Structure formats: C-alpha cells, structure tokens
file data18.pdb (PDB, C-alpha atoms)
ATOM      1  CA  MET A 100       0.000   0.000   0.000  1.00  0.00           C
ATOM      2  CA  ALA A 101       1.121   3.540  -0.627  1.00  0.00           C
ATOM      3  CA  ASP A 102       1.179   6.677   1.466  1.00  0.00           C
ATOM      4  CA  LEU A 103      -1.128   9.651   1.681  1.00  0.00           C
ATOM      5  CA  TYR A 104       0.464  13.076   1.385  1.00  0.00           C
ATOM      6  CA  THR A 105      -1.414  16.186   2.380  1.00  0.00           C
ATOM      7  CA  VAL A 106      -0.485  19.609   0.989  1.00  0.00           C
ATOM      8  CA  ASN A 107      -1.943  22.744   2.586  1.00  0.00           C
ATOM      9  CA  LYS A 108       0.041  25.583   0.948  1.00  0.00           C
ATOM     10  CA  SER A 109      -0.626  27.463  -2.263  1.00  0.00           C
ATOM     11  CA  PRO A 110       1.668  26.300  -5.099  1.00  0.00           C
ATOM     12  CA  PHE A 111       2.164  29.962  -6.026  1.00  0.00           C
ATOM     13  CA  GLU A 112       3.623  30.800  -2.631  1.00  0.00           C
ATOM     14  CA  LYS A 113       5.518  27.707  -1.540  1.00  0.00           C
ATOM     15  CA  ASN A 114       6.982  24.638  -3.222  1.00  0.00           C
ATOM     16  CA  SER A 115       5.217  22.163  -0.884  1.00  0.00           C
ATOM     17  CA  LEU A 116       3.171  20.599  -3.699  1.00  0.00           C
ATOM     18  CA  GLU A 117       6.184  20.348  -5.980  1.00  0.00           C
ATOM     19  CA  GLN A 118       8.220  18.604  -3.289  1.00  0.00           C
ATOM     20  CA  ALA A 119       5.363  16.328  -2.212  1.00  0.00           C
ATOM     21  CA  ILE A 120       5.088  15.126  -5.798  1.00  0.00           C
ATOM     22  CA  ARG A 121       8.843  14.859  -6.186  1.00  0.00           C
ATOM     23  CA  PHE A 122       9.327  12.722  -3.078  1.00  0.00           C
ATOM     24  CA  SER A 123       6.193  10.602  -3.393  1.00  0.00           C
ATOM     25  CA  ALA A 124       6.343   7.034  -4.591  1.00  0.00           C
ATOM     26  CA  ASP A 125       4.436   5.727  -7.567  1.00  0.00           C
ATOM     27  CA  GLY A 126       0.858   5.020  -6.509  1.00  0.00           C
ATOM     28  CA  ALA A 127       0.813   7.655  -3.782  1.00  0.00           C
ATOM     29  CA  SER A 128      -2.305   9.647  -3.001  1.00  0.00           C
ATOM     30  CA  ILE A 129      -1.943  13.409  -2.673  1.00  0.00           C
ATOM     31  CA  LEU A 130      -4.730  15.273  -0.909  1.00  0.00           C
ATOM     32  CA  LEU A 131      -4.898  19.044  -1.386  1.00  0.00           C
ATOM     33  CA  ILE A 132      -6.380  20.911   1.589  1.00  0.00           C
ATOM     34  CA  GLU A 133      -6.647  24.552   2.747  1.00  0.00           C
ATOM     35  CA  ASP A 134      -4.647  26.826   0.379  1.00  0.00           C
ATOM     36  CA  GLY A 135      -3.253  23.669  -1.212  1.00  0.00           C
ATOM     37  CA  VAL A 136      -6.463  23.352  -3.259  1.00  0.00           C
ATOM     38  CA  TYR A 137      -5.231  26.117  -5.568  1.00  0.00           C
ATOM     39  CA  GLY A 138      -2.924  23.448  -7.005  1.00  0.00           C
ATOM     40  CA  ALA A 139      -6.025  21.668  -8.340  1.00  0.00           C
ATOM     41  CA  MET A 140      -7.128  24.625 -10.488  1.00  0.00           C
ATOM     42  CA  ALA A 141      -6.881  24.263 -14.254  1.00  0.00           C
ATOM     43  CA  GLY A 142      -5.547  27.042 -16.443  1.00  0.00           C
ATOM     44  CA  THR A 143      -3.014  28.413 -13.956  1.00  0.00           C
ATOM     45  CA  ALA A 144       0.771  28.761 -14.096  1.00  0.00           C
ATOM     46  CA  ALA A 145       0.972  25.918 -11.542  1.00  0.00           C
ATOM     47  CA  GLU A 146      -1.322  23.388 -13.252  1.00  0.00           C
ATOM     48  CA  GLY A 147       1.679  21.583 -14.752  1.00  0.00           C
ATOM     49  CA  LEU A 148       2.612  20.206 -11.320  1.00  0.00           C
ATOM     50  CA  VAL A 149      -0.488  18.034 -11.026  1.00  0.00           C
ATOM     51  CA  LYS A 150      -0.924  17.430 -14.756  1.00  0.00           C
ATOM     52  CA  GLY A 151       2.666  16.286 -15.130  1.00  0.00           C
ATOM     53  CA  ALA A 152       2.656  13.907 -12.167  1.00  0.00           C
ATOM     54  CA  SER A 153       1.848  10.460 -13.504  1.00  0.00           C
ATOM     55  CA  GLY A 154       1.196   7.539 -11.181  1.00  0.00           C
ATOM     56  CA  ARG A 155      -0.177   9.764  -8.393  1.00  0.00           C
ATOM     57  CA  LYS A 156      -3.802  10.115  -7.419  1.00  0.00           C
ATOM     58  CA  PHE A 157      -4.927  13.632  -6.579  1.00  0.00           C
ATOM     59  CA  PHE A 158      -7.745  14.585  -4.252  1.00  0.00           C
ATOM     60  CA  ALA A 159      -9.028  17.959  -3.062  1.00  0.00           C
ATOM     61  CA  LEU A 160     -11.103  18.687   0.025  1.00  0.00           C
ATOM     62  CA  ARG A 161     -14.498  19.886  -1.170  1.00  0.00           C
ATOM     63  CA  SER A 162     -15.167  22.348   1.654  1.00  0.00           C
ATOM     64  CA  ASP A 163     -11.864  24.149   1.039  1.00  0.00           C
ATOM     65  CA  VAL A 164     -12.472  24.229  -2.730  1.00  0.00           C
ATOM     66  CA  LYS A 165     -15.930  25.725  -2.192  1.00  0.00           C
ATOM     67  CA  ALA A 166     -14.732  28.280   0.370  1.00  0.00           C
ATOM     68  CA  ARG A 167     -12.301  29.625  -2.208  1.00  0.00           C
ATOM     69  CA  GLY A 168     -14.920  30.026  -4.931  1.00  0.00           C
ATOM     70  CA  ILE A 169     -13.370  27.395  -7.200  1.00  0.00           C
ATOM     71  CA  SER A 170     -16.152  25.771  -9.224  1.00  0.00           C
ATOM     72  CA  GLU A 171     -15.850  22.070 -10.050  1.00  0.00           C
ATOM     73  CA  ASP A 172     -15.533  22.743 -13.777  1.00  0.00           C
ATOM     74  CA  ARG A 173     -12.310  24.651 -13.087  1.00  0.00           C
ATOM     75  CA  LEU A 174     -10.564  21.669 -11.517  1.00  0.00           C
ATOM     76  CA  ILE A 175      -7.863  19.774 -13.389  1.00  0.00           C
ATOM     77  CA  ASP A 176      -9.266  16.581 -14.953  1.00  0.00           C
ATOM     78  CA  GLY A 177      -8.691  13.594 -12.715  1.00  0.00           C
ATOM     79  CA  VAL A 178      -8.686  15.478  -9.411  1.00  0.00           C
ATOM     80  CA  GLU A 179     -11.289  13.867  -7.179  1.00  0.00           C
ATOM     81  CA  LEU A 180     -13.241  15.904  -4.645  1.00  0.00           C
ATOM     82  CA  VAL A 181     -13.649  14.364  -1.190  1.00  0.00           C
ATOM     83  CA  ASP A 182     -15.537  15.480   1.896  1.00  0.00           C
ATOM     84  CA  TYR A 183     -14.341  15.043   5.497  1.00  0.00           C
ATOM     85  CA  ALA A 184     -15.552  11.429   5.534  1.00  0.00           C
ATOM     86  CA  GLY A 185     -13.616  10.845   2.308  1.00  0.00           C
ATOM     87  CA  PHE A 186     -10.532  12.315   3.995  1.00  0.00           C
ATOM     88  CA  VAL A 187     -10.917   9.745   6.788  1.00  0.00           C
ATOM     89  CA  ASP A 188     -11.362   6.954   4.238  1.00  0.00           C
ATOM     90  CA  LEU A 189      -8.123   7.992   2.541  1.00  0.00           C
ATOM     91  CA  VAL A 190      -6.271   7.971   5.860  1.00  0.00           C
ATOM     92  CA  GLU A 191      -7.653   4.541   6.638  1.00  0.00           C
ATOM     93  CA  SER A 192      -6.839   3.030   3.255  1.00  0.00           C
ATOM     94  CA  THR A 193      -3.204   4.177   3.095  1.00  0.00           C
ATOM     95  CA  ASP A 194      -0.138   3.098   5.073  1.00  0.00           C
ATOM     96  CA  LYS A 195       0.612   6.404   6.685  1.00  0.00           C
ATOM     97  CA  VAL A 196      -0.057  10.093   6.345  1.00  0.00           C
ATOM     98  CA  GLN A 197       2.598  12.679   5.750  1.00  0.00           C
ATOM     99  CA  ALA A 198       1.898  16.416   5.780  1.00  0.00           C
ATOM    100  CA  TRP A 199       3.732  18.792   3.438  1.00  0.00           C
ATOM    101  CA  LEU A 200       3.472  22.210   5.051  1.00  0.00           C
TER     102      LEU A 200
ATOM    103  CA  MET B 144      -6.840  69.722  10.908  1.00  0.00           C
ATOM    104  CA  SER B 145      -4.185  67.347   9.789  1.00  0.00           C
ATOM    105  CA  GLU B 146      -3.536  66.798   6.128  1.00  0.00           C
ATOM    106  CA  ILE B 147      -5.287  63.885   4.409  1.00  0.00           C
ATOM    107  CA  LYS B 148      -2.835  61.087   3.746  1.00  0.00           C
ATOM    108  CA  LYS B 149      -2.911  58.395   1.115  1.00  0.00           C
ATOM    109  CA  PHE B 150      -3.084  54.963   2.701  1.00  0.00           C
ATOM    110  CA  MET B 151      -2.344  51.855   0.671  1.00  0.00           C
ATOM    111  CA  TYR B 152      -3.105  48.332   1.860  1.00  0.00           C
ATOM    112  CA  LEU B 153      -1.020  45.746   0.027  1.00  0.00           C
ATOM    113  CA  ASN B 154      -2.578  42.251   0.125  1.00  0.00           C
ATOM    114  CA  ARG B 155      -0.496  39.298  -1.041  1.00  0.00           C
ATOM    115  CA  ARG B 156      -2.012  36.291   0.755  1.00  0.00           C
ATOM    116  CA  ALA B 157      -4.821  33.933  -0.156  1.00  0.00           C
ATOM    117  CA  PRO B 158      -7.976  34.126   1.980  1.00  0.00           C
ATOM    118  CA  TYR B 159      -8.875  31.540   4.666  1.00  0.00           C
ATOM    119  CA  GLY B 160      -5.591  29.575   4.772  1.00  0.00           C
ATOM    120  CA  THR B 161      -3.949  32.195   6.947  1.00  0.00           C
ATOM    121  CA  ILE B 162      -5.238  35.120   9.028  1.00  0.00           C
ATOM    122  CA  TYR B 163      -3.582  37.816   6.883  1.00  0.00           C
ATOM    123  CA  ALA B 164      -6.546  38.593   4.597  1.00  0.00           C
ATOM    124  CA  TRP B 165      -8.955  38.885   7.503  1.00  0.00           C
ATOM    125  CA  GLU B 166      -6.552  41.015   9.548  1.00  0.00           C
ATOM    126  CA  SER B 167      -6.105  43.372   6.616  1.00  0.00           C
ATOM    127  CA  LEU B 168      -9.846  43.717   6.236  1.00  0.00           C
ATOM    128  CA  GLU B 169     -10.210  44.480   9.956  1.00  0.00           C
ATOM    129  CA  VAL B 170      -7.563  47.195   9.809  1.00  0.00           C
ATOM    130  CA  VAL B 171      -9.183  48.734   6.718  1.00  0.00           C
ATOM    131  CA  LEU B 172     -12.539  48.834   8.510  1.00  0.00           C
ATOM    132  CA  ILE B 173     -11.010  50.363  11.640  1.00  0.00           C
ATOM    133  CA  GLY B 174      -9.024  52.834   9.550  1.00  0.00           C
ATOM    134  CA  ALA B 175     -12.235  53.970   7.873  1.00  0.00           C
ATOM    135  CA  ALA B 176     -12.988  55.972  11.026  1.00  0.00           C
ATOM    136  CA  PHE B 177     -10.136  58.308  10.090  1.00  0.00           C
ATOM    137  CA  ASP B 178     -10.412  60.723   7.218  1.00  0.00           C
ATOM    138  CA  GLN B 179      -7.815  59.327   4.842  1.00  0.00           C
ATOM    139  CA  GLU B 180      -7.679  58.424   1.175  1.00  0.00           C
ATOM    140  CA  VAL B 181      -7.693  54.628   1.165  1.00  0.00           C
ATOM    141  CA  SER B 182      -6.773  52.243  -1.644  1.00  0.00           C
ATOM    142  CA  LEU B 183      -6.272  48.492  -1.625  1.00  0.00           C
ATOM    143  CA  MET B 184      -3.912  46.528  -3.830  1.00  0.00           C
ATOM    144  CA  PHE B 185      -4.128  42.806  -4.495  1.00  0.00           C
ATOM    145  CA  VAL B 186      -0.990  41.037  -5.703  1.00  0.00           C
ATOM    146  CA  ASP B 187       0.144  37.390  -5.925  1.00  0.00           C
ATOM    147  CA  ASP B 188      -2.271  35.075  -4.042  1.00  0.00           C
ATOM    148  CA  GLY B 189      -3.983  38.213  -2.717  1.00  0.00           C
ATOM    149  CA  VAL B 190      -6.047  38.290  -5.913  1.00  0.00           C
ATOM    150  CA  PHE B 191      -7.810  35.129  -4.662  1.00  0.00           C
ATOM    151  CA  GLN B 192      -9.378  37.251  -1.908  1.00  0.00           C
ATOM    152  CA  LEU B 193     -11.725  38.807  -4.464  1.00  0.00           C
ATOM    153  CA  VAL B 194     -12.782  35.655  -6.335  1.00  0.00           C
ATOM    154  CA  LYS B 195     -16.578  35.482  -6.301  1.00  0.00           C
ATOM    155  CA  GLY B 196     -18.648  32.395  -5.532  1.00  0.00           C
ATOM    156  CA  SER B 197     -17.074  31.644  -2.157  1.00  0.00           C
ATOM    157  CA  ASP B 198     -19.178  29.189  -0.133  1.00  0.00           C
ATOM    158  CA  THR B 199     -17.965  28.543   3.413  1.00  0.00           C
ATOM    159  CA  SER B 200     -21.063  26.636   4.560  1.00  0.00           C
ATOM    160  CA  GLU B 201     -19.122  23.366   4.861  1.00  0.00           C
ATOM    161  CA  SER B 202     -16.011  24.959   6.351  1.00  0.00           C
ATOM    162  CA  ASP B 203     -17.294  26.537   9.546  1.00  0.00           C
ATOM    163  CA  MET B 204     -15.487  29.751   8.611  1.00  0.00           C
ATOM    164  CA  LYS B 205     -16.879  33.231   8.144  1.00  0.00           C
ATOM    165  CA  ASN B 206     -17.349  34.113   4.470  1.00  0.00           C
ATOM    166  CA  PHE B 207     -15.910  37.585   4.193  1.00  0.00           C
ATOM    167  CA  LEU B 208     -16.771  38.334   0.568  1.00  0.00           C
ATOM    168  CA  PRO B 209     -19.876  40.283   1.698  1.00  0.00           C
ATOM    169  CA  THR B 210     -17.581  42.463   3.830  1.00  0.00           C
ATOM    170  CA  TYR B 211     -15.354  43.219   0.825  1.00  0.00           C
ATOM    171  CA  ARG B 212     -18.465  44.269  -1.101  1.00  0.00           C
ATOM    172  CA  THR B 213     -19.186  46.955   1.509  1.00  0.00           C
ATOM    173  CA  LEU B 214     -15.716  48.510   1.422  1.00  0.00           C
ATOM    174  CA  GLY B 215     -16.930  51.292  -0.869  1.00  0.00           C
ATOM    175  CA  ASP B 216     -19.169  52.384   2.004  1.00  0.00           C
ATOM    176  CA  TYR B 217     -16.144  52.486   4.327  1.00  0.00           C
ATOM    177  CA  GLY B 218     -14.301  55.077   2.317  1.00  0.00           C
ATOM    178  CA  VAL B 219     -12.214  52.751   0.167  1.00  0.00           C
ATOM    179  CA  ARG B 220     -11.941  54.533  -3.167  1.00  0.00           C
ATOM    180  CA  HIS B 221      -9.866  52.091  -5.237  1.00  0.00           C
ATOM    181  CA  MET B 222      -9.216  48.343  -5.277  1.00  0.00           C
ATOM    182  CA  PHE B 223      -6.376  47.623  -7.688  1.00  0.00           C
ATOM    183  CA  VAL B 224      -5.602  44.104  -8.864  1.00  0.00           C
ATOM    184  CA  ASP B 225      -2.311  43.082 -10.449  1.00  0.00           C
ATOM    185  CA  GLN B 226      -3.057  41.889 -13.983  1.00  0.00           C
ATOM    186  CA  ALA B 227      -0.040  39.552 -14.117  1.00  0.00           C
ATOM    187  CA  SER B 228      -1.085  37.873 -10.850  1.00  0.00           C
ATOM    188  CA  LEU B 229      -4.571  37.293 -12.285  1.00  0.00           C
ATOM    189  CA  GLU B 230      -3.174  35.787 -15.484  1.00  0.00           C
ATOM    190  CA  ALA B 231      -0.824  33.430 -13.641  1.00  0.00           C
ATOM    191  CA  ARG B 232      -3.877  32.062 -11.821  1.00  0.00           C
ATOM    192  CA  GLY B 233      -6.071  31.694 -14.918  1.00  0.00           C
ATOM    193  CA  LEU B 234      -8.360  34.482 -13.719  1.00  0.00           C
ATOM    194  CA  THR B 235      -9.884  37.598 -15.265  1.00  0.00           C
ATOM    195  CA  THR B 236     -11.749  40.475 -13.651  1.00  0.00           C
ATOM    196  CA  ASP B 237     -14.968  38.607 -14.619  1.00  0.00           C
ATOM    197  CA  ASP B 238     -14.061  36.096 -11.877  1.00  0.00           C
ATOM    198  CA  LEU B 239     -13.890  38.842  -9.249  1.00  0.00           C
ATOM    199  CA  ILE B 240     -16.559  40.536  -7.169  1.00  0.00           C
ATOM    200  CA  GLN B 241     -17.660  44.060  -8.003  1.00  0.00           C
ATOM    201  CA  VAL B 242     -17.605  46.762  -5.358  1.00  0.00           C
ATOM    202  CA  GLU B 243     -19.725  49.905  -5.637  1.00  0.00           C
ATOM    203  CA  TRP B 244     -18.723  53.307  -4.363  1.00  0.00           C
ATOM    204  CA  GLU B 245     -20.825  56.382  -3.716  1.00  0.00           C
ATOM    205  CA  ASP B 246     -20.028  59.796  -2.299  1.00  0.00           C
ATOM    206  CA  TRP B 247     -23.031  60.637  -0.142  1.00  0.00           C
ATOM    207  CA  GLU B 248     -22.324  64.351  -0.236  1.00  0.00           C
ATOM    208  CA  THR B 249     -21.829  64.809  -3.973  1.00  0.00           C
ATOM    209  CA  GLU B 250     -23.865  61.744  -4.989  1.00  0.00           C
ATOM    210  CA  GLU B 251     -21.042  60.777  -7.319  1.00  0.00           C
ATOM    211  CA  GLU B 252     -21.282  57.035  -8.050  1.00  0.00           C
ATOM    212  CA  VAL B 253     -18.912  54.411  -9.373  1.00  0.00           C
ATOM    213  CA  ASP B 254     -20.368  50.983 -10.280  1.00  0.00           C
ATOM    214  CA  ASN B 255     -17.170  49.079  -9.645  1.00  0.00           C
ATOM    215  CA  ILE B 256     -13.967  50.242  -7.954  1.00  0.00           C
ATOM    216  CA  VAL B 257     -12.161  46.922  -8.626  1.00  0.00           C
ATOM    217  CA  GLU B 258      -9.685  47.543 -11.431  1.00  0.00           C
ATOM    218  CA  ALA B 259      -6.902  45.446 -13.001  1.00  0.00           C
ATOM    219  CA  VAL B 260      -3.665  47.383 -13.515  1.00  0.00           C
ATOM    220  CA  ASP B 261      -0.180  46.613 -14.833  1.00  0.00           C
ATOM    221  CA  ALA B 262       3.144  46.851 -13.010  1.00  0.00           C
ATOM    222  CA  ASP B 263       3.882  50.374 -14.268  1.00  0.00           C
ATOM    223  CA  LYS B 264       0.630  51.639 -12.778  1.00  0.00           C
ATOM    224  CA  PHE B 265       1.469  49.792  -9.564  1.00  0.00           C
ATOM    225  CA  LYS B 266       4.794  51.568  -9.305  1.00  0.00           C
ATOM    226  CA  GLU B 267       3.074  54.933  -9.651  1.00  0.00           C
ATOM    227  CA  LEU B 268       0.518  54.032  -6.998  1.00  0.00           C
ATOM    228  CA  MET B 269       3.172  52.869  -4.558  1.00  0.00           C
ATOM    229  CA  ALA B 270       5.196  56.013  -5.135  1.00  0.00           C
ATOM    230  CA  GLU B 271       2.150  58.239  -4.561  1.00  0.00           C
ATOM    231  CA  SER B 272       1.202  56.554  -1.290  1.00  0.00           C
ATOM    232  CA  ASP B 273       2.184  58.165   2.002  1.00  0.00           C
ATOM    233  CA  VAL B 274       1.834  54.926   3.939  1.00  0.00           C
ATOM    234  CA  VAL B 275       1.798  51.306   2.738  1.00  0.00           C
ATOM    235  CA  PHE B 276       0.485  48.551   5.013  1.00  0.00           C
ATOM    236  CA  SER B 277       1.581  45.038   4.048  1.00  0.00           C
ATOM    237  CA  PHE B 278      -0.463  41.922   4.657  1.00  0.00           C
TER     238      PHE B 278
END
call {"tool": "encode", "arguments": {"input": "data18.pdb", "output": "structure tokens"}}
result
Amino acid sequence: MADLYTVNKSPFEKNSLEQAIRFSADGASILLIEDGVYGAMAGTAAEGLVKGASGRKFFALRSDVKARGISEDRLIDGVELVDYAGFVDLVESTDKVQAWL
Amino acid sequence: MSEIKKFMYLNRRAPYGTIYAWESLEVVLIGAAFDQEVSLMFVDDGVFQLVKGSDTSESDMKNFLPTYRTLGDYGVRHMFVDQASLEARGLTTDDLIQVEWEDWETEEEVDNIVEAVDADKFKELMAESDVVFSF
C-alpha cells in the first residue's frame, strides 16, 4: 500500500506541492487541503505540477475548494473531490499520512 | 486639521488559509474611522481574496466576501488588482466581485472600484502613497 500526502500551501507561494510530488512514490495519493487546493485549479501557471505527475492520485477537500470560490468545472481533470468522511477513508486506506506544510 | 494622507493596503495572501486577509480587512474597517484616502492593492495570491462564488457553509469559517463588497461604504476609493497575478492564476476580472462606491455628499457614483492594472501603474501608486500597510 502507498502513502497519503497532504499539501496545505498554495503552489504559487511555496513549493510544498512540488516537493510532495517529487518525493512521493508511484501510486501515492496526494490530498490538497486549505490553500493547497489552488494546485487543483486548471488554467493556472501551476497546473503543470499536477498534470505532469503520472502515477499519483490527486484529491481535493471539497469544503476548502468551495470556500475559495473554485467551481468544479475549473478543476484539473482527474482530481477527485472528497468530503471530510472521504478524507478519513483515505487515511484509513493508506499506510501512513505525511503532511507537506 | 491634519492633512489627508494616502493609505495603501497591500494584500499578497490567499484568503482563509492564513489570518492575513482577515486582519487586513479588519484594519481597513477600523481605519475607515479616520479621514484618509484609502486604496487596496491585491498582488500574488492576494487576488484570490476577491474571487466570487465563495461558499464557506461546509467549512465553519466566516465568508468575508460580503464584507469586501461593503468597502466602498467604508471610504475605500480604489481596489487595484495586479493583472499579471490574475493571469498566472487563470483568472480575469470577470471572476472577481464588483464593489460599488458612492459619495453621499456629492452623490457621485462608481459601479465598480475593482480595477486590473499593470506593473507600471502599480509603481506609480506605490510612489504616490504616504503609507503602505503590508499583509
């Protein structure tokens, strides 16, 4: 089983998402929360990070996406929205959780 | 009477993830009690503060977009947005809220004080400001 990485910083301000992708193993799940959800937006200067990361599954926390006014049709294809229960399911179904701050 | 000064609030952080955006808003509202010329600038992730459609119902956080919409009533005359920061985030001014302004004495009205500007305009605005507050 693979790990779950959480990223809570904007990709425009910090390189947390870039490094989480870089140091994650094939098959890892990466959950974008708080300001990290900006990394899930399509059409931005940072979209290449998620689009270019093959072999990783990307998730974004729905409540944080909605709070920031990002509509679902603006998310990068393949990013799956999860609610708090989905967050718990991800934690449960992976080996361990590592936060990229 | 003291001279009216030009106050500039420089906002560079995304909303909600940190306290910066909210703190800036609080200071702007408090500052409105003083007779100053107030402008706000939004640069880098600060432009996200004005993105419309925010829904915090599932987040248990206060949605402060409605507060931004009232800033025209608190003496804020201009809200400048860095065009390059918008473009880097795939945004246009159509994605942003509009903020009305009205002078109650002269009845002068402006439909929307949110305006995208380039770096040259920014430099002028910074140079003209007497005080710049950074958030």
call {"tool": "interface_residues", "arguments": {"input": "data18.pdb", "of": "chain B", "to": "chain A", "cutoff": "7 Å", "atoms": "all atoms listed in the file", "output": "VMD selection string"}}
result
chain B and resid 160 194 to 199 201 to 202 231 to 233
call {"tool": "residues_around", "arguments": {"input": "data18.pdb", "residues": "stretch 148-152 of chain A", "least_positions_apart": "2", "cutoff": "12 Å", "atoms": "only C-alpha atoms", "output": "ChimeraX atom specification"}}
result
/A:110-111,114-131,135-146,154-159,174-178
call {"tool": "resolve_selection", "arguments": {"input": "data18.pdb", "expression": "the PyMOL selection byres ((chain B and resi 220) around 9)", "output": "PyMOL selection string"}}
result
chain B and resi 180-183+214-215+217-219+221-222+244+256
call {"tool": "closest_residue", "arguments": {"input": "data18.pdb", "among": "B:Val253, B:Asn154, B:Phe185, B:Lys205", "to": "B:Ser167", "atoms": "only C-alpha atoms"}}
result
B:Asn154
call {"tool": "closest_residue", "arguments": {"input": "data18.pdb", "among": "A:Val181, A:Val106, A:Ala101, A:Val187", "to": "A:Leu200", "atoms": "all atoms listed in the file"}}
result
A:Val106
call {"tool": "atom_distance", "arguments": {"input": "data18.pdb", "atom1": "atom CA of B:Ala157", "atom2": "atom CA of B:Asp261"}}
result
19.9 Å
call {"tool": "atom_distance", "arguments": {"input": "data18.pdb", "atom1": "atom CA of A:Val196", "atom2": "atom CA of A:Thr105"}}
result
7.4 Å
call {"tool": "resolve_selection", "arguments": {"input": "data18.pdb", "expression": "the PyMOL selection byres ((chain B and resi 153) around 6)", "output": "PDB file with C-alpha atoms, in the coordinates of the input"}}
result
ATOM      1  CA  TYR B 152      -3.105  48.332   1.860  1.00  0.00           C
ATOM      2  CA  ASN B 154      -2.578  42.251   0.125  1.00  0.00           C
ATOM      3  CA  MET B 184      -3.912  46.528  -3.830  1.00  0.00           C
ATOM      4  CA  PHE B 276       0.485  48.551   5.013  1.00  0.00           C
ATOM      5  CA  SER B 277       1.581  45.038   4.048  1.00  0.00           C
TER       6      SER B 277
END
call {"tool": "atom_distance", "arguments": {"input": "data18.pdb", "atom1": "atom CA of B:Trp247", "atom2": "atom CA of B:Glu146"}}
result
21.4 Å
call {"tool": "closest_residue", "arguments": {"input": "data18.pdb", "among": "B:Val275, B:Leu234, B:Ile162, B:Leu193", "to": "B:Thr210", "atoms": "only C-alpha atoms"}}
result
B:Leu193
call {"tool": "closest_residue", "arguments": {"input": "data18.pdb", "among": "B:Glu271, B:Asp263, B:Lys149, B:Glu243", "to": "B:Asp178", "atoms": "only C-alpha atoms"}}
result
B:Lys149
call {"tool": "resolve_selection", "arguments": {"input": "data18.pdb", "expression": "the PyMOL selection byres ((chain B and resi 187) around 6)", "output": "ChimeraX atom specification"}}
result
/B:155,186,188-189,228
call {"tool": "residues_around", "arguments": {"input": "data18.pdb", "residues": "A:Asp102", "least_positions_apart": "4", "cutoff": "6 Å", "atoms": "only C-alpha atoms", "output": "MDAnalysis selection string"}}
result
chainID A and resid 127 193:195
call {"tool": "build_atoms", "arguments": {"input": "data18.pdb", "residues": "stretch 169-187 of chain A", "atoms": "N, CA and C atoms", "output": "mmCIF file, in the coordinates of the input"}}
result
data_model
loop_
_atom_site.group_PDB
_atom_site.id
_atom_site.type_symbol
_atom_site.label_atom_id
_atom_site.label_comp_id
_atom_site.auth_asym_id
_atom_site.auth_seq_id
_atom_site.Cartn_x
_atom_site.Cartn_y
_atom_site.Cartn_z
ATOM 1 N N ILE A 169 -13.822 28.157 -6.022
ATOM 2 C CA ILE A 169 -13.370 27.395 -7.200
ATOM 3 C C ILE A 169 -14.501 26.451 -7.605
ATOM 4 N N SER A 170 -15.070 26.650 -8.787
ATOM 5 C CA SER A 170 -16.152 25.771 -9.224
ATOM 6 C C SER A 170 -15.557 24.463 -9.749
ATOM 7 N N GLU A 171 -16.366 23.403 -9.688
ATOM 8 C CA GLU A 171 -15.850 22.070 -10.050
ATOM 9 C C GLU A 171 -15.346 22.007 -11.479
ATOM 10 N N ASP A 172 -15.967 22.802 -12.366
ATOM 11 C CA ASP A 172 -15.533 22.743 -13.777
ATOM 12 C C ASP A 172 -14.179 23.413 -13.998
ATOM 13 N N ARG A 173 -13.641 24.046 -12.950
ATOM 14 C CA ARG A 173 -12.310 24.651 -13.087
ATOM 15 C C ARG A 173 -11.212 23.747 -12.535
ATOM 16 N N LEU A 174 -11.582 22.571 -12.066
ATOM 17 C CA LEU A 174 -10.564 21.669 -11.517
ATOM 18 C C LEU A 174 -9.873 20.902 -12.648
ATOM 19 N N ILE A 175 -8.616 20.583 -12.430
ATOM 20 C CA ILE A 175 -7.863 19.774 -13.389
ATOM 21 C C ILE A 175 -8.527 18.401 -13.509
ATOM 22 N N ASP A 176 -8.657 17.903 -14.740
ATOM 23 C CA ASP A 176 -9.266 16.581 -14.953
ATOM 24 C C ASP A 176 -8.537 15.525 -14.139
ATOM 25 N N GLY A 177 -9.299 14.682 -13.474
ATOM 26 C CA GLY A 177 -8.691 13.594 -12.715
ATOM 27 C C GLY A 177 -8.568 13.888 -11.235
ATOM 28 N N VAL A 178 -8.711 15.152 -10.849
ATOM 29 C CA VAL A 178 -8.686 15.478 -9.411
ATOM 30 C C VAL A 178 -10.051 15.129 -8.823
ATOM 31 N N GLU A 179 -10.032 14.320 -7.772
ATOM 32 C CA GLU A 179 -11.289 13.867 -7.179
ATOM 33 C C GLU A 179 -11.604 14.669 -5.922
ATOM 34 N N LEU A 180 -12.830 15.165 -5.843
ATOM 35 C CA LEU A 180 -13.241 15.904 -4.645
ATOM 36 C C LEU A 180 -13.664 14.930 -3.557
ATOM 37 N N VAL A 181 -13.214 15.189 -2.319
ATOM 38 C CA VAL A 181 -13.649 14.364 -1.190
ATOM 39 C C VAL A 181 -14.161 15.269 -0.071
ATOM 40 N N ASP A 182 -15.085 14.751 0.717
ATOM 41 C CA ASP A 182 -15.537 15.480 1.896
ATOM 42 C C ASP A 182 -14.741 14.978 3.112
ATOM 43 N N TYR A 183 -15.106 15.440 4.309
ATOM 44 C CA TYR A 183 -14.341 15.043 5.497
ATOM 45 C C TYR A 183 -14.339 13.528 5.695
ATOM 46 N N ALA A 184 -15.483 12.890 5.399
ATOM 47 C CA ALA A 184 -15.552 11.429 5.534
ATOM 48 C C ALA A 184 -14.612 10.762 4.526
ATOM 49 N N GLY A 185 -14.526 11.366 3.330
ATOM 50 C CA GLY A 185 -13.616 10.845 2.308
ATOM 51 C C GLY A 185 -12.160 10.983 2.729
ATOM 52 N N PHE A 186 -11.861 12.082 3.432
ATOM 53 C CA PHE A 186 -10.532 12.315 3.995
ATOM 54 C C PHE A 186 -10.187 11.156 4.952
ATOM 55 N N VAL A 187 -11.130 10.829 5.821
ATOM 56 C CA VAL A 187 -10.917 9.745 6.788
ATOM 57 C C VAL A 187 -10.708 8.410 6.056
#
